[in-house]
>>> print(open('target33.cif').read())   # mmCIF, C-alpha atoms and all ligand atoms
data_final
loop_
_atom_site.label_atom_id
_atom_site.label_comp_id
_atom_site.auth_asym_id
_atom_site.auth_seq_id
_atom_site.Cartn_x
_atom_site.Cartn_y
_atom_site.Cartn_z
CA MET A 209 145.84 58.53 163.87
CA ASN A 210 148.76 56.16 163.91
CA PHE A 211 151.46 56.06 161.29
CA GLU A 212 153.59 53.16 160.26
CA ILE A 213 157.33 53.34 160.81
CA THR A 214 159.48 51.75 158.12
CA ARG A 215 162.80 50.39 159.30
CA ASP A 216 165.14 49.97 156.37
CA TYR A 217 168.65 50.41 157.71
CA ILE A 218 171.67 51.38 155.68
CA ASP A 219 174.83 49.31 155.97
CA VAL A 220 177.39 50.07 158.64
CA GLY A 221 179.93 52.53 157.24
CA ASN A 222 180.75 56.23 157.54
CA SER A 223 177.12 57.27 157.83
CA ARG A 224 176.23 54.49 160.26
CA PRO A 225 179.22 53.95 162.54
CA GLY A 226 177.49 51.09 164.35
CA VAL A 227 178.25 52.65 167.75
CA ASN A 228 175.73 52.27 170.54
CA LEU A 229 173.85 55.40 171.51
CA GLY A 230 173.60 56.05 175.26
CA ASP A 231 170.41 57.17 176.95
CA VAL A 232 168.29 59.23 174.62
CA GLU A 233 167.85 62.61 176.27
CA PHE A 234 166.51 64.79 173.47
CA ILE A 235 165.44 65.05 169.86
CA VAL A 236 167.05 67.24 167.22
CA SER A 237 164.65 68.38 164.51
CA HIS A 238 166.06 68.88 161.04
CA ASP A 239 164.99 69.32 157.49
CA THR A 240 166.96 67.80 154.66
CA GLY A 241 167.85 71.17 153.16
CA ASN A 242 167.26 69.58 149.78
CA PRO A 243 163.80 70.43 148.40
CA GLY A 244 162.11 67.59 146.54
CA SER A 245 164.39 64.88 147.88
CA THR A 246 162.21 62.12 149.38
CA ALA A 247 162.86 59.95 152.42
CA TYR A 248 164.01 57.08 150.22
CA ALA A 249 166.15 59.33 148.03
CA ASN A 250 167.95 60.34 151.21
CA ARG A 251 168.34 56.73 152.28
CA ASN A 252 169.83 55.84 148.93
CA TYR A 253 172.25 58.72 149.17
CA PHE A 254 173.50 57.70 152.61
CA GLN A 255 173.64 54.05 151.65
CA ASN A 256 175.60 54.67 148.48
CA THR A 257 177.74 57.69 149.31
CA GLN A 258 178.32 57.04 153.03
CA PRO A 259 179.20 60.63 154.01
CA LEU A 260 180.34 61.27 157.58
CA ALA A 261 176.97 62.73 158.46
CA SER A 262 173.50 61.30 158.67
CA ALA A 263 170.36 61.19 160.79
CA HIS A 264 168.21 58.41 162.18
CA THR A 265 164.93 59.09 160.48
CA PHE A 266 163.72 60.71 157.26
CA ILE A 267 160.09 61.66 156.84
CA ASP A 268 158.11 62.58 153.76
CA ASP A 269 154.43 62.33 152.81
CA GLN A 270 154.73 58.54 152.33
CA TYR A 271 157.28 57.24 154.78
CA ILE A 272 158.57 57.56 158.28
CA LEU A 273 161.83 55.90 157.41
CA GLU A 274 164.39 54.93 160.03
CA ILE A 275 167.69 54.39 158.22
CA ILE A 276 169.82 54.02 161.35
CA PRO A 277 168.59 52.03 164.38
CA LEU A 278 167.58 54.34 167.20
CA SER A 279 169.90 52.39 169.48
CA GLU A 280 172.91 53.55 167.44
CA VAL A 281 174.73 56.83 166.92
CA ALA A 282 174.05 59.04 163.91
CA TYR A 283 176.14 62.14 163.15
CA HIS A 284 173.58 64.87 162.71
CA VAL A 285 175.05 67.80 164.69
CA ARG A 286 178.61 69.10 164.61
CA SER A 287 180.31 67.94 167.80
CA ASN A 288 182.16 71.22 168.45
CA VAL A 289 179.05 73.37 168.92
CA PRO A 290 178.46 74.31 172.59
CA GLU A 291 174.69 74.68 172.81
CA ASP A 292 173.87 70.96 173.16
CA ASN A 293 176.38 70.66 176.01
CA ARG A 294 175.05 73.82 177.64
CA ARG A 295 171.44 72.57 177.50
CA PHE A 296 171.82 68.87 178.02
CA GLY A 297 175.35 68.36 179.27
CA VAL A 298 176.20 66.10 176.36
CA ASP A 299 176.93 66.13 172.62
CA ALA A 300 173.81 65.66 170.53
CA ASN A 301 175.35 62.79 168.61
CA ASP A 302 175.78 60.90 171.87
CA ALA A 303 172.30 61.39 173.28
CA ALA A 304 169.82 62.57 170.66
CA ILE A 305 167.72 61.16 167.86
CA GLY A 306 168.01 63.13 164.63
CA VAL A 307 164.80 63.51 162.64
CA GLU A 308 164.74 64.97 159.14
CA LEU A 309 161.76 66.45 157.34
CA ALA A 310 161.77 65.98 153.57
CA TYR A 311 159.89 68.74 151.78
CA GLY A 312 159.41 70.61 148.54
CA GLY A 313 159.14 69.31 144.99
CA ASN A 314 156.38 66.72 144.77
CA ILE A 315 156.30 66.08 148.52
CA ASP A 316 152.91 67.06 149.94
CA PHE A 317 153.81 69.28 152.85
CA SER A 318 150.77 68.56 154.96
CA GLY A 319 151.22 64.79 154.60
CA ALA A 320 154.88 65.02 155.55
CA TYR A 321 154.26 67.48 158.37
CA LYS A 322 151.60 65.25 159.98
CA ARG A 323 154.05 62.37 160.04
CA TYR A 324 156.88 64.58 161.31
CA VAL A 325 154.72 65.85 164.18
CA TRP A 326 153.45 62.38 165.01
CA TYR A 327 156.93 60.88 165.01
CA HIS A 328 158.23 63.52 167.42
CA ALA A 329 155.33 62.67 169.74
CA TYR A 330 156.15 58.99 169.34
CA LEU A 331 159.77 59.62 170.38
CA LEU A 332 158.71 61.71 173.37
CA ASP A 333 156.63 58.79 174.53
CA LYS A 334 159.22 56.15 173.73
CA TYR A 335 161.98 57.87 175.70
CA GLY A 336 159.91 59.62 178.37
CA LEU A 337 160.95 63.09 177.20
CA ASP A 338 159.42 66.47 177.94
CA PRO A 339 157.89 68.20 174.91
CA SER A 340 158.67 71.65 176.32
CA THR A 341 162.40 71.17 176.77
CA ASP A 342 163.58 68.08 174.97
CA ILE A 343 163.00 68.94 171.33
CA VAL A 344 165.56 71.28 169.83
CA ALA A 345 165.99 72.69 166.35
CA HIS A 346 169.25 72.06 164.55
CA SER A 347 169.37 75.82 163.96
CA THR A 348 169.41 76.37 167.73
CA LEU A 349 172.39 74.08 168.21
CA ASP A 350 174.35 75.34 165.22
CA PRO A 351 173.04 78.83 164.49
CA SER A 352 176.00 79.99 162.43
CA ARG A 353 175.57 77.24 159.85
CA ARG A 354 172.03 75.90 160.03
CA THR A 355 168.50 77.17 159.51
CA ASP A 356 166.61 73.89 159.81
CA PRO A 357 163.92 72.84 160.27
CA GLN A 358 162.45 76.38 160.19
CA ASN A 359 163.76 76.53 156.64
CA ALA A 360 161.08 73.98 155.67
CA LEU A 361 158.36 74.92 158.18
CA GLU A 362 158.19 78.70 157.89
CA PRO A 363 157.46 78.94 154.15
CA ASN A 364 154.47 76.73 154.95
CA GLY A 365 153.27 79.12 157.62
CA ILE A 366 154.42 77.13 160.63
CA SER A 367 156.68 78.71 163.24
CA TRP A 368 158.88 76.70 165.55
CA ASP A 369 156.56 77.40 168.48
CA GLU A 370 153.55 76.23 166.49
CA PHE A 371 155.39 73.08 165.58
CA ILE A 372 156.21 72.37 169.24
CA ASN A 373 152.61 73.05 170.14
CA ASP A 374 151.40 70.65 167.46
CA VAL A 375 153.75 67.98 168.82
CA LYS A 376 152.47 68.56 172.36
CA GLN A 377 148.88 68.23 171.22
CA GLU A 378 149.66 65.07 169.30
CA TYR A 379 151.58 63.64 172.24
CA LEU A 380 148.75 64.30 174.68
CA ARG A 381 146.16 62.99 172.29
CA GLU A 382 147.85 59.91 170.90
CA PHE A 383 150.17 58.84 173.67
CA GLN A 384 148.83 60.21 176.92
CA GLY A 385 145.17 59.41 176.45
CA GLU A 386 144.14 63.02 176.97
CA ALA A 387 142.17 64.84 174.36
CA GLY A 388 143.79 68.13 173.43
CA ASP A 389 141.74 71.22 172.74
CA GLY A 390 139.24 71.02 169.96
CA THR A 391 139.63 67.37 169.10
CA GLU A 392 135.92 66.78 168.94
CA VAL A 393 134.28 67.76 165.70
CA GLY A 394 130.61 67.12 165.33
CA GLY A 395 130.68 64.95 168.44
CA GLU A 396 133.31 62.75 166.84
CA ALA A 397 136.86 62.43 168.14
CA VAL A 398 139.25 63.21 165.30
CA ASP A 399 142.96 63.54 164.81
CA LEU A 400 144.22 67.01 164.08
CA PRO A 401 145.22 68.57 161.90
CA ILE A 402 142.56 67.83 159.35
CA GLY A 403 143.67 68.60 155.83
CA MET A 404 143.74 67.78 152.17
CA GLY A 405 142.51 64.26 151.43
CA ASP A 406 140.59 63.77 154.68
CA GLU A 407 137.00 62.66 154.34
CA GLY A 408 134.05 62.11 156.58
CA SER A 409 131.33 63.66 158.64
CA PHE A 410 133.84 65.75 160.61
CA VAL A 411 135.03 67.32 157.34
CA ARG A 412 131.43 68.09 156.47
CA GLU A 413 130.97 69.69 159.88
CA ILE A 414 134.02 71.90 159.34
CA GLN A 415 132.79 72.88 155.89
CA GLN A 416 129.39 73.79 157.28
CA ASN A 417 131.04 75.83 160.01
CA LEU A 418 133.26 77.61 157.50
CA MET A 419 130.19 78.59 155.52
CA ARG A 420 128.40 79.74 158.66
CA ALA A 421 131.49 81.82 159.42
CA GLY A 422 131.04 83.51 156.06
CA VAL A 423 133.61 81.62 153.97
CA SER A 424 131.98 80.28 150.85
CA LEU A 425 132.48 76.90 149.20
CA PRO A 426 130.86 77.72 145.87
CA ASN A 427 131.56 74.57 143.85
CA TYR A 428 131.38 71.62 146.19
CA GLY A 429 129.75 72.94 149.33
CA ALA A 430 129.76 70.74 152.43
CA ASP A 431 130.50 67.47 150.62
CA GLY A 432 132.55 65.87 153.40
CA ILE A 433 135.69 65.75 151.26
CA PHE A 434 138.64 67.99 152.11
CA GLY A 435 139.76 69.04 148.65
CA GLU A 436 141.36 72.13 147.15
CA GLU A 437 138.31 74.29 147.55
CA THR A 438 138.11 73.50 151.26
CA GLU A 439 141.82 74.08 151.64
CA ARG A 440 141.53 77.50 150.01
CA ALA A 441 138.55 78.30 152.25
CA VAL A 442 140.53 77.32 155.35
CA MET A 443 143.42 79.50 154.21
CA ARG A 444 141.10 82.46 153.64
CA PHE A 445 139.66 81.96 157.10
CA GLN A 446 143.13 81.69 158.63
CA ARG A 447 144.31 84.83 156.85
CA SER A 448 141.25 86.75 158.06
CA TYR A 449 141.99 85.93 161.67
CA GLY A 450 145.76 86.27 161.64
CA LEU A 451 146.40 82.53 162.03
CA ALA A 452 149.21 80.62 160.41
CA VAL A 453 148.03 80.12 156.84
CA ASP A 454 148.65 76.42 156.22
CA GLY A 455 145.26 75.21 155.00
CA LEU A 456 145.19 72.67 157.82
CA VAL A 457 142.51 72.60 160.48
CA GLY A 458 144.51 72.21 163.67
CA PRO A 459 143.65 73.21 167.24
CA ASN A 460 144.12 76.95 166.65
CA THR A 461 141.98 77.10 163.53
CA LEU A 462 139.29 74.97 165.10
CA GLU A 463 139.22 77.12 168.21
CA GLN A 464 139.00 80.30 166.15
CA LEU A 465 136.18 78.82 164.12
CA ASN A 466 134.29 77.90 167.28
CA GLN A 467 134.87 81.38 168.65
CA VAL A 468 133.54 82.99 165.51
CA LEU A 469 130.45 80.79 165.56
CA ASN A 470 129.89 81.49 169.24
CA GLY A 471 130.22 85.20 168.67
CA GLY A 472 133.50 85.62 170.45
CA SER A 473 135.58 86.64 167.49
CA ASN A 474 138.13 89.38 167.65
CA LEU A 475 136.32 92.40 166.35
CA ASN A 476 139.52 94.22 165.57
CA ASP A 477 139.92 91.92 162.60
CA PHE A 478 136.54 92.86 161.23
CA PRO A 479 135.57 96.41 162.07
CA LEU A 480 131.94 97.35 162.38
CA PRO A 481 130.49 98.21 158.99
CA SER A 482 129.75 101.75 157.97
CA GLY A 483 126.42 102.43 156.29
CA ILE A 484 122.91 101.84 157.45
CA PHE A 485 121.49 98.43 158.30
CA GLN A 486 118.01 97.59 159.40
CA GLN A 487 115.43 94.86 159.52
CA GLY A 488 115.48 92.84 156.30
CA ASP A 489 119.22 93.28 155.66
CA GLU A 490 121.49 90.27 155.48
CA GLY A 491 125.18 89.50 155.13
CA PRO A 492 128.55 89.45 156.83
CA GLU A 493 128.16 93.09 157.90
CA VAL A 494 125.01 92.19 159.81
CA LYS A 495 126.85 89.32 161.39
CA GLN A 496 129.50 91.73 162.55
CA ILE A 497 126.90 93.99 164.09
CA GLN A 498 125.40 90.98 165.84
CA ARG A 499 128.80 89.99 167.19
CA ALA A 500 129.23 93.45 168.66
CA LEU A 501 125.75 93.29 170.14
CA ARG A 502 126.56 90.27 172.21
CA HIS A 503 127.90 92.86 174.66
CA VAL A 504 124.33 93.97 175.19
CA ASN A 505 123.00 90.49 175.80
CA PHE A 506 122.47 89.48 172.21
CA ASP A 507 122.46 85.69 172.28
CA PRO A 508 125.55 84.49 170.34
CA LYS A 509 123.51 81.61 168.98
CA GLY A 510 121.48 84.19 167.10
CA ILE A 511 124.49 85.38 165.09
CA ASP A 512 123.23 84.45 161.65
CA GLY A 513 123.84 87.50 159.48
CA ILE A 514 120.13 88.24 159.24
CA TYR A 515 118.84 91.52 160.62
CA GLY A 516 115.59 90.21 162.09
CA PRO A 517 113.41 91.23 165.04
CA ASN A 518 115.92 90.00 167.65
CA THR A 519 118.72 92.02 166.10
CA GLU A 520 116.51 95.08 165.86
CA ASP A 521 115.50 94.63 169.47
CA ALA A 522 119.14 94.34 170.58
CA VAL A 523 120.04 97.49 168.63
CA ARG A 524 117.14 99.30 170.26
CA ARG A 525 118.17 98.16 173.72
CA PHE A 526 121.68 99.36 173.02
CA GLN A 527 120.46 102.71 171.75
CA SER A 528 118.29 103.17 174.82
CA MET A 529 121.46 103.27 176.91
CA TYR A 530 122.51 106.57 175.27
CA SER A 531 120.39 109.67 175.14
CA ALA A 532 122.25 110.82 172.03
CA LEU A 533 120.96 107.87 170.03
CA ALA A 534 117.59 107.63 168.37
CA ASN A 535 115.79 104.65 169.74
CA ASP A 536 114.81 103.30 166.31
CA GLY A 537 116.46 99.88 166.09
CA ILE A 538 118.31 100.96 162.95
CA TYR A 539 122.08 100.67 162.84
CA GLY A 540 123.76 103.75 161.39
CA PRO A 541 126.86 105.93 161.88
CA ASN A 542 125.89 107.13 165.36
CA THR A 543 125.05 103.69 166.66
CA ARG A 544 128.28 102.47 165.12
CA ARG A 545 130.27 105.13 166.96
CA TYR A 546 128.77 104.21 170.33
CA LEU A 547 129.12 100.49 169.68
CA ASN A 548 132.78 101.00 168.89
CA MET A 549 133.23 102.90 172.16
CA GLU A 550 131.51 100.05 173.95
CA LEU A 551 133.86 97.55 172.31
CA ASP A 552 136.93 99.57 173.17
CA SER A 553 136.01 99.85 176.81
ZN ZN B 1 169.99 69.64 160.33
#
>>> encode(input="target33.cif", output="structure tokens", more="lines below")
Ligand SMILES: [Zn+2]
Amino acid sequence: MNFEITRDYIDVGNSRPGVNLGDVEFIVSHDTGNPGSTAYANRNYFQNTQPLASAHTFIDDQYILEIIPLSEVAYHVRSNVPEDNRRFGVDANDAAIGVELAYGGNIDFSGAYKRYVWYHAYLLDKYGLDPSTDIVAHSTLDPSRRTDPQNALEPNGISWDEFINDVKQEYLREFQGEAGDGTEVGGEAVDLPIGMGDEGSFVREIQQNLMRAGVSLPNYGADGIFGEETERAVMRFQRSYGLAVDGLVGPNTLEQLNQVLNGGSNLNDFPLPSGIFQQGDEGPEVKQIQRALRHVNFDPKGIDGIYGPNTEDAVRRFQSMYSALANDGIYGPNTRRYLNMELDS
């Protein structure tokens, strides 16, 4: 996915000193600290008020808006903080692009976040920067006064490390011609993350996979449209597996989904069911038993939540390994205990 960059520069004044920026050596990531204030609202403020502080680019769910040319200085980090000099040997205002995330109010977080991630990747490419070292949070440079951009990211379930990882993925995918992990959905190359408002066969594929993973979509099913129901389903799935709960299908969520469908899920998240299960039973508990049974050569492709002959056979094979277990193909408390020991080993 490519996003458009809007260049609508403010006049030269306090906020835009009109001084040439030297070589760009890093990016400083900010949020506006002003929930609900859009990219253009920020532009208007800097244009009209001309405070002695600014940033190059403001991003919301509609615009990637450059208000100061990237070839010029913007004052987005206090010059007397030491961390920029320690890391890069230079003041941020003399060698960094400042990027601000607008958030809150009516700004759709996922739309703004996608653009924010993409734009960081774009800058990495433009200036030949290293995603692992050359993006720094304003809070890292000025920890006594600033909490951005984590202030905007973390309430939406995204840590700084996840953000950097998302930028790396985007950079590799969009600017380095390498597909990152999990960028093929249903045999189709797609741009991650996939979220609210996306449509198409890849959305349908994700919806089908969510349902196969036991997350229901009761009203709309696999309709190929990523709406609120799908978002809630993704969030439920993410919560179940200890992922960042953002309702977006990014590399981590996609990988977890594939793992669940291939039977490689983390069983600690879903303990083996108590009770008795046998041929004819169905449901998520059976699926969990089947997942555990892959350790005794149960084919992961057979994980379907239906206790049929193959499942019974796998249970029987497992039981036959232990003289203490009845060899009856029925899952009960004793089989559960031995399966759990098997899983712990
Ligand atoms: Zn900042």
>>> residues_around(input="target33.cif", residues="region 258-262 of chain A", least_positions_apart="3", cutoff="12 Å", atoms="all atoms listed in the file", output="number ranges by chain")
A: 217-225, 238-240, 250-255, 265-266, 274-277, 280-287, 301, 305-308
>>> closest_residue(input="target33.cif", among="A:Arg440, A:His264, A:Lys495, A:Arg354", to="ligand ZN 1 (chain B)", atoms="all atoms listed in the file")
A:Arg354
>>> closest_residue(input="target33.cif", among="A:Gly491, A:Gly336, A:Gly365, A:Pro351", to="ligand ZN 1 (chain B)", atoms="only C-alpha atoms and all ligand atoms")
A:Pro351
>>> atom_distance(input="target33.cif", atom1="CA of Arg353 (chain A)", atom2="CA of Lys322 (chain A)")
26.8 Å
>>> closest_residue(input="target33.cif", among="A:Ala304, A:Ile414, A:Ile372, A:Val442", to="Thr341 (chain A)", atoms="all atoms listed in the file")
A:Ile372
>>> atom_distance(input="target33.cif", atom1="CA of Leu331 (chain A)", atom2="CA of Val236 (chain A)")
11.0 Å
>>> atom_distance(input="target33.cif", atom1="CA of Pro508 (chain A)", atom2="CA of Leu451 (chain A)")
22.5 Å
>>> residues_around(input="target33.cif", residues="region 543-547 of chain A", least_positions_apart="4", cutoff="12 Å", atoms="only C-alpha atoms", output="short mmCIF file (atom, residue, chain, number, x, y, z; two decimals) with C-alpha atoms, in the coordinates of the input")
data_model
loop_
_atom_site.label_atom_id
_atom_site.label_comp_id
_atom_site.auth_asym_id
_atom_site.auth_seq_id
_atom_site.Cartn_x
_atom_site.Cartn_y
_atom_site.Cartn_z
CA LEU A 475 136.32 92.40 166.35
CA PRO A 479 135.57 96.41 162.07
CA LEU A 480 131.94 97.35 162.38
CA PRO A 481 130.49 98.21 158.99
CA SER A 482 129.75 101.75 157.97
CA GLY A 483 126.42 102.43 156.29
CA ILE A 484 122.91 101.84 157.45
CA PHE A 485 121.49 98.43 158.30
CA GLN A 486 118.01 97.59 159.40
CA GLU A 493 128.16 93.09 157.90
CA GLN A 496 129.50 91.73 162.55
CA ILE A 497 126.90 93.99 164.09
CA GLN A 498 125.40 90.98 165.84
CA ARG A 499 128.80 89.99 167.19
CA ALA A 500 129.23 93.45 168.66
CA LEU A 501 125.75 93.29 170.14
CA ARG A 502 126.56 90.27 172.21
CA HIS A 503 127.90 92.86 174.66
CA VAL A 504 124.33 93.97 175.19
CA ALA A 522 119.14 94.34 170.58
CA VAL A 523 120.04 97.49 168.63
CA ARG A 524 117.14 99.30 170.26
CA ARG A 525 118.17 98.16 173.72
CA PHE A 526 121.68 99.36 173.02
CA GLN A 527 120.46 102.71 171.75
CA SER A 528 118.29 103.17 174.82
CA MET A 529 121.46 103.27 176.91
CA TYR A 530 122.51 106.57 175.27
CA SER A 531 120.39 109.67 175.14
CA ALA A 532 122.25 110.82 172.03
CA LEU A 533 120.96 107.87 170.03
CA ALA A 534 117.59 107.63 168.37
CA ASN A 535 115.79 104.65 169.74
CA ASP A 536 114.81 103.30 166.31
CA GLY A 537 116.46 99.88 166.09
CA ILE A 538 118.31 100.96 162.95
CA TYR A 539 122.08 100.67 162.84
CA LEU A 551 133.86 97.55 172.31
CA ASP A 552 136.93 99.57 173.17
CA SER A 553 136.01 99.85 176.81
#
>>> residues_around(input="target33.cif", residues="Met443 (chain A)", least_positions_apart="2", cutoff="8 Å", atoms="only C-alpha atoms", output="compact mmCIF listing (two decimals) with C-alpha atoms, keeping the file's coordinate frame")
# COMPACT_ATOMS: atom_id res chain seq x y z
CA GLU A 439 141.82 74.08 151.64
CA ARG A 440 141.53 77.50 150.01
CA ALA A 441 138.55 78.30 152.25
CA PHE A 445 139.66 81.96 157.10
CA GLN A 446 143.13 81.69 158.63
CA ARG A 447 144.31 84.83 156.85
CA VAL A 453 148.03 80.12 156.84
CA ASP A 454 148.65 76.42 156.22
CA GLY A 455 145.26 75.21 155.00
CA LEU A 456 145.19 72.67 157.82
>>> closest_residue(input="target33.cif", among="A:Phe410, A:Tyr449, A:Phe434, A:Tyr335", to="Gly230 (chain A)", atoms="all atoms listed in the file")
A:Tyr335
>>> residues_near_point(input="target33.cif", point="(157.8, 70.3, 151.2)", cutoff="12 Å", atoms="all atoms listed in the file", output="JSON, numbers by chain")
{"A": [239, 240, 241, 242, 243, 244, 245, 246, 247, 267, 268, 269, 308, 309, 310, 311, 312, 313, 314, 315, 316, 317, 318, 319, 320, 321, 322, 324, 357, 358, 359, 360, 361, 362, 363, 364, 365]}
>>> write_last_selection(input="target33.cif", atoms="C-alpha atoms", output="short mmCIF file (atom, residue, chain, number, x, y, z; two decimals), in the coordinates of the input")
data_model
loop_
_atom_site.label_atom_id
_atom_site.label_comp_id
_atom_site.auth_asym_id
_atom_site.auth_seq_id
_atom_site.Cartn_x
_atom_site.Cartn_y
_atom_site.Cartn_z
CA ASP A 239 164.99 69.32 157.49
CA THR A 240 166.96 67.80 154.66
CA GLY A 241 167.85 71.17 153.16
CA ASN A 242 167.26 69.58 149.78
CA PRO A 243 163.80 70.43 148.40
CA GLY A 244 162.11 67.59 146.54
CA SER A 245 164.39 64.88 147.88
CA THR A 246 162.21 62.12 149.38
CA ALA A 247 162.86 59.95 152.42
CA ILE A 267 160.09 61.66 156.84
CA ASP A 268 158.11 62.58 153.76
CA ASP A 269 154.43 62.33 152.81
CA GLU A 308 164.74 64.97 159.14
CA LEU A 309 161.76 66.45 157.34
CA ALA A 310 161.77 65.98 153.57
CA TYR A 311 159.89 68.74 151.78
CA GLY A 312 159.41 70.61 148.54
CA GLY A 313 159.14 69.31 144.99
CA ASN A 314 156.38 66.72 144.77
CA ILE A 315 156.30 66.08 148.52
CA ASP A 316 152.91 67.06 149.94
CA PHE A 317 153.81 69.28 152.85
CA SER A 318 150.77 68.56 154.96
CA GLY A 319 151.22 64.79 154.60
CA ALA A 320 154.88 65.02 155.55
CA TYR A 321 154.26 67.48 158.37
CA LYS A 322 151.60 65.25 159.98
CA TYR A 324 156.88 64.58 161.31
CA PRO A 357 163.92 72.84 160.27
CA GLN A 358 162.45 76.38 160.19
CA ASN A 359 163.76 76.53 156.64
CA ALA A 360 161.08 73.98 155.67
CA LEU A 361 158.36 74.92 158.18
CA GLU A 362 158.19 78.70 157.89
CA PRO A 363 157.46 78.94 154.15
CA ASN A 364 154.47 76.73 154.95
CA GLY A 365 153.27 79.12 157.62
#
>>> closest_residue(input="target33.cif", among="A:Gly450, A:Tyr271, A:Asp356, A:Thr519", to="ligand ZN 1 (chain B)", atoms="only C-alpha atoms and all ligand atoms")
A:Asp356
>>> closest_residue(input="target33.cif", among="A:Ile402, A:Arg381, A:Gln415, A:Thr355", to="ligand ZN 1 (chain B)", atoms="all atoms listed in the file")
A:Thr355
>>> decode(input="target33.cif", residues="region 339-384 of chain A", atoms="C-alpha atoms", output="PDB file, in the first residue's frame")
ATOM      1  CA  PRO A 339      15.258   0.820  11.275  1.00  0.00           C
ATOM      2  CA  SER A 340      16.911  -0.745  14.329  1.00  0.00           C
ATOM      3  CA  THR A 341      18.910   2.283  15.418  1.00  0.00           C
ATOM      4  CA  ASP A 342      17.746   5.385  13.615  1.00  0.00           C
ATOM      5  CA  ILE A 343      14.213   5.847  14.911  1.00  0.00           C
ATOM      6  CA  VAL A 344      13.988   7.296  18.387  1.00  0.00           C
ATOM      7  CA  ALA A 345      11.038   8.232  20.570  1.00  0.00           C
ATOM      8  CA  HIS A 346      10.800  11.788  21.813  1.00  0.00           C
ATOM      9  CA  SER A 347      10.372  10.288  25.286  1.00  0.00           C
ATOM     10  CA  THR A 348      13.801   8.662  24.964  1.00  0.00           C
ATOM     11  CA  LEU A 349      15.472  11.959  24.142  1.00  0.00           C
ATOM     12  CA  ASP A 350      13.627  14.009  26.750  1.00  0.00           C
ATOM     13  CA  PRO A 351      12.450  11.546  29.393  1.00  0.00           C
ATOM     14  CA  SER A 352      11.874  14.100  32.133  1.00  0.00           C
ATOM     15  CA  ARG A 353       9.313  16.034  30.102  1.00  0.00           C
ATOM     16  CA  ARG A 354       7.945  13.806  27.362  1.00  0.00           C
ATOM     17  CA  THR A 355       5.990  10.581  27.054  1.00  0.00           C
ATOM     18  CA  ASP A 356       5.403  10.553  23.305  1.00  0.00           C
ATOM     19  CA  PRO A 357       4.661   8.754  21.119  1.00  0.00           C
ATOM     20  CA  GLN A 358       4.007   5.911  23.608  1.00  0.00           C
ATOM     21  CA  ASN A 359       1.361   8.180  25.076  1.00  0.00           C
ATOM     22  CA  ALA A 360      -0.699   7.647  21.893  1.00  0.00           C
ATOM     23  CA  LEU A 361       0.424   4.109  21.000  1.00  0.00           C
ATOM     24  CA  GLU A 362       0.141   2.247  24.287  1.00  0.00           C
ATOM     25  CA  PRO A 363      -3.549   2.936  24.997  1.00  0.00           C
ATOM     26  CA  ASN A 364      -4.135   1.335  21.600  1.00  0.00           C
ATOM     27  CA  GLY A 365      -2.197  -1.761  22.595  1.00  0.00           C
ATOM     28  CA  ILE A 366       0.988  -0.993  20.692  1.00  0.00           C
ATOM     29  CA  SER A 367       4.328  -0.923  22.482  1.00  0.00           C
ATOM     30  CA  TRP A 368       7.332   0.951  21.177  1.00  0.00           C
ATOM     31  CA  ASP A 369       8.999  -2.315  20.145  1.00  0.00           C
ATOM     32  CA  GLU A 370       5.905  -3.408  18.256  1.00  0.00           C
ATOM     33  CA  PHE A 371       5.822  -0.087  16.488  1.00  0.00           C
ATOM     34  CA  ILE A 372       9.472  -0.435  15.435  1.00  0.00           C
ATOM     35  CA  ASN A 373       8.761  -3.960  14.276  1.00  0.00           C
ATOM     36  CA  ASP A 374       5.785  -2.772  12.232  1.00  0.00           C
ATOM     37  CA  VAL A 375       7.978  -0.114  10.622  1.00  0.00           C
ATOM     38  CA  LYS A 376      10.641  -2.716   9.804  1.00  0.00           C
ATOM     39  CA  GLN A 377       8.079  -4.985   8.212  1.00  0.00           C
ATOM     40  CA  GLU A 378       6.626  -2.129   6.201  1.00  0.00           C
ATOM     41  CA  TYR A 379      10.087  -0.993   5.137  1.00  0.00           C
ATOM     42  CA  LEU A 380      11.096  -4.463   3.961  1.00  0.00           C
ATOM     43  CA  ARG A 381       7.807  -5.003   2.212  1.00  0.00           C
ATOM     44  CA  GLU A 382       7.233  -1.665   0.552  1.00  0.00           C
ATOM     45  CA  PHE A 383      10.712  -0.320   0.022  1.00  0.00           C
ATOM     46  CA  GLN A 384      13.096  -3.242  -0.064  1.00  0.00           C
TER      47      GLN A 384
END
